[in-house]
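Shown next: final_39.txt, containing compact mmCIF, C-alpha atoms.
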```
# COMPACT_ATOMS: atom_id res chain seq x y z
CA MET G 1 5.26 -19.65 -3.03
CA SER G 2 5.77 -16.25 -1.43
CA ARG G 3 3.62 -14.84 1.34
CA GLU G 4 2.72 -11.88 -0.90
CA THR G 5 1.46 -14.21 -3.64
CA LEU G 6 -0.65 -16.10 -1.11
CA LEU G 7 -2.08 -12.81 0.16
CA ALA G 8 -3.00 -11.75 -3.39
CA ILE G 9 -4.66 -15.09 -4.15
CA SER G 10 -6.46 -15.02 -0.81
CA ALA G 11 -7.73 -11.48 -1.39
CA ARG G 12 -9.15 -12.54 -4.79
CA ARG G 13 -10.77 -15.66 -3.32
CA PHE G 14 -12.25 -13.78 -0.36
CA ALA G 15 -13.53 -11.08 -2.74
CA ARG G 16 -15.22 -13.68 -4.94
CA GLY G 17 -16.69 -15.96 -2.31
CA GLY G 18 -16.53 -14.12 0.98
CA PHE G 19 -14.61 -15.07 4.10
CA GLU G 20 -16.91 -17.85 5.21
CA ALA G 21 -17.24 -19.62 1.86
CA THR G 22 -13.52 -19.61 1.06
CA SER G 23 -11.44 -22.41 2.55
CA MET G 24 -7.71 -22.73 3.04
CA ARG G 25 -7.97 -25.66 0.62
CA ASP G 26 -9.50 -23.39 -2.05
CA ILE G 27 -6.65 -20.92 -1.71
CA ALA G 28 -3.99 -23.63 -1.65
CA GLY G 29 -5.49 -25.21 -4.77
CA GLU G 30 -5.32 -21.94 -6.70
CA ALA G 31 -1.77 -21.43 -5.46
CA GLY G 32 -0.79 -24.93 -6.62
CA MET G 33 0.19 -26.12 -3.17
CA LEU G 34 -1.04 -28.61 -0.61
CA ALA G 35 -3.57 -27.26 1.88
CA GLY G 36 -1.30 -28.14 4.79
CA SER G 37 1.45 -25.99 3.32
CA MET G 38 -0.69 -22.92 3.87
CA TYR G 39 -0.21 -23.34 7.59
CA TYR G 40 3.52 -22.73 7.21
CA HIS G 41 2.68 -19.13 6.30
CA PHE G 42 -0.55 -18.65 8.25
CA PRO G 43 -1.37 -20.70 11.38
CA SER G 44 -5.13 -20.31 10.84
CA LYS G 45 -7.70 -18.97 8.42
CA ASN G 46 -8.35 -16.07 10.81
CA GLU G 47 -4.66 -15.14 10.67
CA LEU G 48 -4.84 -15.23 6.87
CA ILE G 49 -7.96 -13.03 6.80
CA ALA G 50 -6.27 -10.56 9.16
CA ALA G 51 -3.10 -10.52 7.03
CA VAL G 52 -5.10 -9.85 3.85
CA TYR G 53 -7.06 -7.08 5.54
CA GLU G 54 -3.91 -5.56 7.04
CA ALA G 55 -2.17 -5.58 3.64
CA GLY G 56 -5.14 -3.80 2.07
CA VAL G 57 -5.27 -1.19 4.83
CA ALA G 58 -1.52 -0.59 4.56
CA GLU G 59 -1.65 -0.25 0.78
CA ILE G 60 -4.56 2.17 0.74
CA GLY G 61 -3.23 4.03 3.79
CA ALA G 62 0.12 4.63 2.07
CA ALA G 63 -1.64 5.97 -1.03
CA VAL G 64 -3.78 8.34 1.05
CA ASP G 65 -0.82 9.54 3.14
CA SER G 66 1.22 10.28 0.03
CA ALA G 67 -1.64 12.20 -1.61
CA VAL G 68 -2.40 14.25 1.51
CA ALA G 69 1.25 15.19 1.96
CA ARG G 70 1.20 17.04 -1.38
CA ALA G 71 -1.94 19.09 -0.63
CA ARG G 72 -1.94 22.35 1.31
CA THR G 73 -5.45 23.45 2.31
CA PRO G 74 -7.93 21.49 4.45
CA TRP G 75 -10.32 20.98 1.51
CA SER G 76 -7.57 20.02 -0.93
CA ARG G 77 -6.14 17.58 1.63
CA LEU G 78 -9.55 15.93 2.07
CA GLU G 79 -10.10 15.80 -1.69
CA ALA G 80 -6.65 14.29 -2.22
CA ALA G 81 -7.37 11.66 0.44
CA CYS G 82 -10.71 10.79 -1.15
CA VAL G 83 -9.20 10.54 -4.63
CA ALA G 84 -6.38 8.27 -3.39
CA HIS G 85 -8.83 6.16 -1.37
CA LEU G 86 -11.19 5.65 -4.27
CA GLU G 87 -8.45 5.08 -6.85
CA ALA G 88 -6.94 2.40 -4.61
CA LEU G 89 -10.29 0.72 -4.00
CA LEU G 90 -11.17 0.66 -7.69
CA ALA G 91 -7.71 -0.34 -8.90
CA ASP G 92 -7.75 -3.53 -6.82
CA ARG G 93 -11.26 -4.87 -6.50
CA ALA G 94 -10.06 -7.78 -4.35
CA HIS G 95 -8.74 -5.54 -1.58
CA ALA G 96 -11.75 -3.26 -2.00
CA ALA G 97 -14.10 -6.17 -1.44
CA VAL G 98 -12.15 -7.35 1.60
CA MET G 99 -11.83 -3.88 3.13
CA THR G 100 -15.48 -3.04 2.58
CA ALA G 101 -16.83 -6.46 3.58
CA ASP G 102 -19.40 -6.89 6.33
CA LEU G 103 -17.34 -7.94 9.33
CA GLY G 104 -20.38 -8.78 11.44
CA ARG G 105 -20.34 -12.48 10.59
CA LEU G 106 -16.75 -13.06 11.69
CA ASP G 107 -15.98 -14.37 15.14
CA ARG G 108 -15.72 -11.66 17.77
CA PRO G 109 -11.91 -11.63 18.32
CA LEU G 110 -11.21 -11.45 14.58
CA ARG G 111 -13.89 -8.82 14.07
CA ARG G 112 -12.38 -6.67 16.86
CA ARG G 113 -8.95 -7.02 15.28
CA LEU G 114 -10.17 -5.97 11.82
CA VAL G 115 -12.28 -3.11 13.19
CA ALA G 116 -9.17 -1.83 15.01
CA LEU G 117 -7.27 -1.89 11.70
CA ARG G 118 -10.14 -0.10 9.93
CA ASP G 119 -10.39 2.48 12.72
CA GLY G 120 -6.65 3.12 12.50
CA TYR G 121 -6.98 3.76 8.79
CA GLU G 122 -10.07 5.95 9.20
CA ARG G 123 -8.28 8.07 11.82
CA ARG G 124 -6.75 9.88 8.83
CA PHE G 125 -10.24 11.00 7.80
CA VAL G 126 -11.16 12.00 11.36
CA ASP G 127 -8.18 14.37 11.39
CA LEU G 128 -8.93 15.69 7.90
CA VAL G 129 -12.58 16.42 8.76
CA VAL G 130 -11.65 18.10 12.06
CA ALA G 131 -9.50 20.56 10.06
CA LEU G 132 -12.35 21.56 7.73
CA PRO G 133 -14.12 24.92 8.15
CA LEU G 134 -17.59 23.37 8.47
CA PRO G 135 -20.57 25.14 10.06
CA ALA G 136 -20.51 24.87 13.86
CA ALA G 137 -23.68 22.76 14.00
CA THR G 138 -22.21 20.08 11.71
CA ASP G 139 -21.90 16.63 13.25
CA ARG G 140 -18.41 15.88 11.96
CA THR G 141 -18.66 12.19 12.78
CA LEU G 142 -21.81 11.71 10.69
CA TRP G 143 -20.37 13.93 7.96
CA ARG G 144 -17.22 11.76 7.78
CA LEU G 145 -19.17 8.51 7.89
CA GLN G 146 -21.45 9.71 5.10
CA LEU G 147 -18.42 10.52 2.95
CA LEU G 148 -16.65 7.23 3.66
CA GLY G 149 -19.87 5.30 3.13
CA ALA G 150 -20.33 6.86 -0.30
CA LEU G 151 -16.70 6.20 -1.24
CA ASN G 152 -16.76 2.61 0.02
CA TRP G 153 -20.00 1.81 -1.79
CA THR G 154 -18.59 2.95 -5.15
CA PRO G 155 -17.00 -0.44 -6.06
CA THR G 156 -20.49 -1.98 -6.08
CA TRP G 157 -21.73 0.25 -8.91
CA TYR G 158 -18.61 1.58 -10.63
CA ARG G 159 -18.01 0.61 -14.25
CA ALA G 160 -14.79 1.41 -16.12
CA GLY G 161 -15.32 3.80 -18.99
CA GLY G 162 -17.55 6.20 -17.07
CA LYS G 163 -16.36 8.95 -14.78
CA SER G 164 -12.87 8.40 -13.43
CA PRO G 165 -12.37 7.49 -9.76
CA ALA G 166 -10.79 10.93 -9.24
CA ALA G 167 -13.79 12.70 -10.78
CA ILE G 168 -16.19 10.68 -8.61
CA ALA G 169 -14.24 11.43 -5.44
CA ARG G 170 -14.05 15.14 -6.25
CA ALA G 171 -17.79 15.24 -6.96
CA LEU G 172 -18.56 13.57 -3.61
CA VAL G 173 -16.43 16.09 -1.73
CA ALA G 174 -17.99 18.97 -3.68
CA ALA G 175 -21.51 17.73 -2.90
CA LEU G 176 -20.77 17.62 0.83
CA ARG G 177 -18.96 20.95 0.79
```
As a first step, turn the structure in this file into structure tokens.
Amino acid sequence: MSRETLLAISARRFARGGFEATSMRDIAGEAGMLAGSMYYHFPSKNELIAAVYEAGVAEIGAAVDSAVARARTPWSRLEAACVAHLEALLADRAHAAVMTADLGRLDRPLRRRLVALRDGYERRFVDLVVALPLPAATDRTLWRLQLLGALNWTPTWYRAGGKSPAAIARALVAALR
């Protein structure tokens, strides 16, 4: 069993049951392996959670970076980032659920580690918002957090067959513009 397969199974299990309710035994059972074999790949459940979260951040970060690189203006760069972010979240609901999970119930060292990963990812949006020609009185931090909050909440209400993720992301940017 490859590490990548275990990460995918773990992301699905964490998305379904949450971090606390999912055991290493649950994941091993779905993977068709003994629970003890999980520890060959991940020394602890916290290390597994961190690896799943890190994989999600890297995947979505790469999509956003690629999209932004093709855009030229500050608004088009932000829109491209939002479209890539939302498309990635909605394409893989397991990583979306893990990346948008409430981290407050995790133990403090793990929470700090995941928040650092999230903050590293969100730094892209800090830079994008700084470049926007917003009115001088705009609180750019609250503006960015409002945008990310709306994007990250989308997987809770989104249903396939309605507006596309790209259309939703563009509409959110347009509403804040």
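CA of Ala69 in chain G is positioned 20.3 Å from CA of Asp119 in chain G.
The coordinates place CA of Ala136 in chain G at 23.7 Å from CA of Ala80 in chain G.
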Kindly list the centre and edge lengths in Å, rounded to one decimal, for the axis-aligned box that covers all listed atoms of range 88-99 of chain G plus 6 Å on each of its six sides, as lines of an AutoDock Vina configuration file.
```
center_x = -10.5
center_y = -2.7
center_z = -2.9
size_x = 19.2
size_y = 22.2
size_z = 24.0
```
Give me, as a Markdown table, the closest atom pair and its distance (Å, one decimal) for every residue of range 76-156 of chain G within a cut-off of 12 Å of range 168-172 of chain G, counting only C-alpha atoms, rows sorted by chain and rising number.
```
| residue | atom | partner | partner_atom | distance |
| --- | --- | --- | --- | --- |
| G:Ser76 | CA | G:Arg170 | CA | 9.7 |
| G:Arg77 | CA | G:Arg170 | CA | 11.4 |
| G:Leu78 | CA | G:Arg170 | CA | 9.5 |
| G:Glu79 | CA | G:Arg170 | CA | 6.1 |
| G:Ala80 | CA | G:Arg170 | CA | 8.5 |
| G:Ala81 | CA | G:Ala169 | CA | 9.0 |
| G:Cys82 | CA | G:Ala169 | CA | 5.6 |
| G:Val83 | CA | G:Ala169 | CA | 5.2 |
| G:Ala84 | CA | G:Ala169 | CA | 8.7 |
| G:His85 | CA | G:Ala169 | CA | 8.6 |
| G:Leu86 | CA | G:Ala169 | CA | 6.6 |
| G:Glu87 | CA | G:Ala169 | CA | 8.7 |
| G:Ala88 | CA | G:Ala169 | CA | 11.6 |
| G:Leu89 | CA | G:Ala169 | CA | 11.5 |
| G:Leu90 | CA | G:Ile168 | CA | 11.2 |
| G:Trp143 | CA | G:Leu172 | CA | 11.7 |
| G:Arg144 | CA | G:Leu172 | CA | 11.6 |
| G:Gln146 | CA | G:Leu172 | CA | 10.0 |
| G:Leu147 | CA | G:Leu172 | CA | 7.2 |
| G:Leu148 | CA | G:Leu172 | CA | 9.8 |
| G:Gly149 | CA | G:Leu172 | CA | 10.7 |
| G:Ala150 | CA | G:Leu172 | CA | 7.7 |
| G:Leu151 | CA | G:Ala169 | CA | 7.1 |
| G:Asn152 | CA | G:Ala169 | CA | 10.7 |
| G:Trp153 | CA | G:Ala169 | CA | 11.8 |
| G:Thr154 | CA | G:Ile168 | CA | 8.8 |
| G:Pro155 | CA | G:Ile168 | CA | 11.4 |
```
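With all atoms listed in the file as the atoms that count, the residue of G:His95, G:Arg140, G:Arg111, G:Arg70 with the shortest distance to Val57 in chain G is G:His95.
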Could you check the closest approach to Arg12 in chain G for each of G:Asp92, G:Asp127, G:Arg112, G:Ile60 and tell me which residue wins, using only C-alpha atoms? G:Asp92
For Leu145 in chain G, the nearest of the candidates G:Leu7, G:Val68, G:Val126, G:Ala160, counting only C-alpha atoms: G:Val126
Show me the residues around (-10.5, -20.1, 7.6) - criterion: an atom at most 8 Å away, all atoms listed in the file counted - as a PyMOL selection string. chain G and resi 19-20+22-24+44-46+48-49
Skip Gly18 in chain G itself and residues of its chain fewer than 4 positions away, then list as number ranges by chain all residues within 10 Å of it, counting all atoms listed in the file. G: 11-14, 22-23, 97-98, 101-102
Could you please fill out range 153-177 of chain G with N, CA and C atoms and send it back as a PDB file, in the frame of the given file?
```
ATOM      1  N   TRP G 153     -18.939   2.479  -1.046  1.00  0.00           N
ATOM      2  CA  TRP G 153     -20.000   1.810  -1.790  1.00  0.00           C
ATOM      3  C   TRP G 153     -19.715   1.850  -3.299  1.00  0.00           C
ATOM      4  N   THR G 154     -18.861   2.760  -3.733  1.00  0.00           N
ATOM      5  CA  THR G 154     -18.590   2.950  -5.150  1.00  0.00           C
ATOM      6  C   THR G 154     -18.193   1.661  -5.883  1.00  0.00           C
ATOM      7  N   PRO G 155     -17.351   0.774  -5.312  1.00  0.00           N
ATOM      8  CA  PRO G 155     -17.000  -0.440  -6.060  1.00  0.00           C
ATOM      9  C   PRO G 155     -18.198  -1.323  -6.431  1.00  0.00           C
ATOM     10  N   THR G 156     -19.325  -1.154  -5.754  1.00  0.00           N
ATOM     11  CA  THR G 156     -20.490  -1.980  -6.080  1.00  0.00           C
ATOM     12  C   THR G 156     -21.184  -1.513  -7.360  1.00  0.00           C
ATOM     13  N   TRP G 157     -21.038  -0.250  -7.726  1.00  0.00           N
ATOM     14  CA  TRP G 157     -21.730   0.250  -8.910  1.00  0.00           C
ATOM     15  C   TRP G 157     -20.801   0.780 -10.001  1.00  0.00           C
ATOM     16  N   TYR G 158     -19.544   0.972  -9.683  1.00  0.00           N
ATOM     17  CA  TYR G 158     -18.610   1.580 -10.630  1.00  0.00           C
ATOM     18  C   TYR G 158     -18.389   0.670 -11.841  1.00  0.00           C
ATOM     19  N   ARG G 159     -18.340   1.298 -13.009  1.00  0.00           N
ATOM     20  CA  ARG G 159     -18.010   0.610 -14.250  1.00  0.00           C
ATOM     21  C   ARG G 159     -16.938   1.418 -14.970  1.00  0.00           C
ATOM     22  N   ALA G 160     -15.865   0.750 -15.376  1.00  0.00           N
ATOM     23  CA  ALA G 160     -14.790   1.410 -16.120  1.00  0.00           C
ATOM     24  C   ALA G 160     -15.378   2.012 -17.392  1.00  0.00           C
ATOM     25  N   GLY G 161     -14.843   3.139 -17.781  1.00  0.00           N
ATOM     26  CA  GLY G 161     -15.320   3.800 -18.990  1.00  0.00           C
ATOM     27  C   GLY G 161     -16.227   4.976 -18.688  1.00  0.00           C
ATOM     28  N   GLY G 162     -16.730   5.051 -17.477  1.00  0.00           N
ATOM     29  CA  GLY G 162     -17.550   6.200 -17.070  1.00  0.00           C
ATOM     30  C   GLY G 162     -16.648   7.253 -16.465  1.00  0.00           C
ATOM     31  N   LYS G 163     -17.174   7.942 -15.470  1.00  0.00           N
ATOM     32  CA  LYS G 163     -16.360   8.950 -14.780  1.00  0.00           C
ATOM     33  C   LYS G 163     -15.169   8.254 -14.115  1.00  0.00           C
ATOM     34  N   SER G 164     -14.072   8.955 -14.064  1.00  0.00           N
ATOM     35  CA  SER G 164     -12.870   8.400 -13.430  1.00  0.00           C
ATOM     36  C   SER G 164     -13.063   8.354 -11.917  1.00  0.00           C
ATOM     37  N   PRO G 165     -12.310   7.504 -11.222  1.00  0.00           N
ATOM     38  CA  PRO G 165     -12.370   7.490  -9.760  1.00  0.00           C
ATOM     39  C   PRO G 165     -12.080   8.876  -9.161  1.00  0.00           C
ATOM     40  N   ALA G 166     -11.122   9.587  -9.749  1.00  0.00           N
ATOM     41  CA  ALA G 166     -10.790  10.930  -9.240  1.00  0.00           C
ATOM     42  C   ALA G 166     -11.971  11.880  -9.399  1.00  0.00           C
ATOM     43  N   ALA G 167     -12.634  11.818 -10.545  1.00  0.00           N
ATOM     44  CA  ALA G 167     -13.790  12.700 -10.780  1.00  0.00           C
ATOM     45  C   ALA G 167     -14.927  12.370  -9.810  1.00  0.00           C
ATOM     46  N   ILE G 168     -15.135  11.095  -9.551  1.00  0.00           N
ATOM     47  CA  ILE G 168     -16.190  10.680  -8.610  1.00  0.00           C
ATOM     48  C   ILE G 168     -15.864  11.183  -7.208  1.00  0.00           C
ATOM     49  N   ALA G 169     -14.638  10.986  -6.777  1.00  0.00           N
ATOM     50  CA  ALA G 169     -14.240  11.430  -5.440  1.00  0.00           C
ATOM     51  C   ALA G 169     -14.374  12.946  -5.298  1.00  0.00           C
ATOM     52  N   ARG G 170     -13.941  13.673  -6.302  1.00  0.00           N
ATOM     53  CA  ARG G 170     -14.050  15.140  -6.250  1.00  0.00           C
ATOM     54  C   ARG G 170     -15.521  15.570  -6.198  1.00  0.00           C
ATOM     55  N   ALA G 171     -16.358  14.899  -6.958  1.00  0.00           N
ATOM     56  CA  ALA G 171     -17.790  15.240  -6.960  1.00  0.00           C
ATOM     57  C   ALA G 171     -18.424  14.970  -5.598  1.00  0.00           C
ATOM     58  N   LEU G 172     -18.027  13.872  -4.942  1.00  0.00           N
ATOM     59  CA  LEU G 172     -18.560  13.570  -3.610  1.00  0.00           C
ATOM     60  C   LEU G 172     -18.158  14.637  -2.598  1.00  0.00           C
ATOM     61  N   VAL G 173     -16.899  15.034  -2.650  1.00  0.00           N
ATOM     62  CA  VAL G 173     -16.430  16.090  -1.730  1.00  0.00           C
ATOM     63  C   VAL G 173     -17.166  17.394  -2.038  1.00  0.00           C
ATOM     64  N   ALA G 174     -17.304  17.731  -3.300  1.00  0.00           N
ATOM     65  CA  ALA G 174     -17.990  18.970  -3.680  1.00  0.00           C
ATOM     66  C   ALA G 174     -19.451  18.957  -3.209  1.00  0.00           C
ATOM     67  N   ALA G 175     -20.104  17.819  -3.325  1.00  0.00           N
ATOM     68  CA  ALA G 175     -21.510  17.730  -2.900  1.00  0.00           C
ATOM     69  C   ALA G 175     -21.645  17.940  -1.398  1.00  0.00           C
ATOM     70  N   LEU G 176     -20.701  17.461  -0.622  1.00  0.00           N
ATOM     71  CA  LEU G 176     -20.770  17.620   0.830  1.00  0.00           C
ATOM     72  C   LEU G 176     -20.266  18.994   1.276  1.00  0.00           C
ATOM     73  N   ARG G 177     -19.521  19.630   0.443  1.00  0.00           N
ATOM     74  CA  ARG G 177     -18.960  20.950   0.790  1.00  0.00           C
ATOM     75  C   ARG G 177     -20.058  21.975   0.795  1.00  0.00           C
TER      76      ARG G 177
END
```
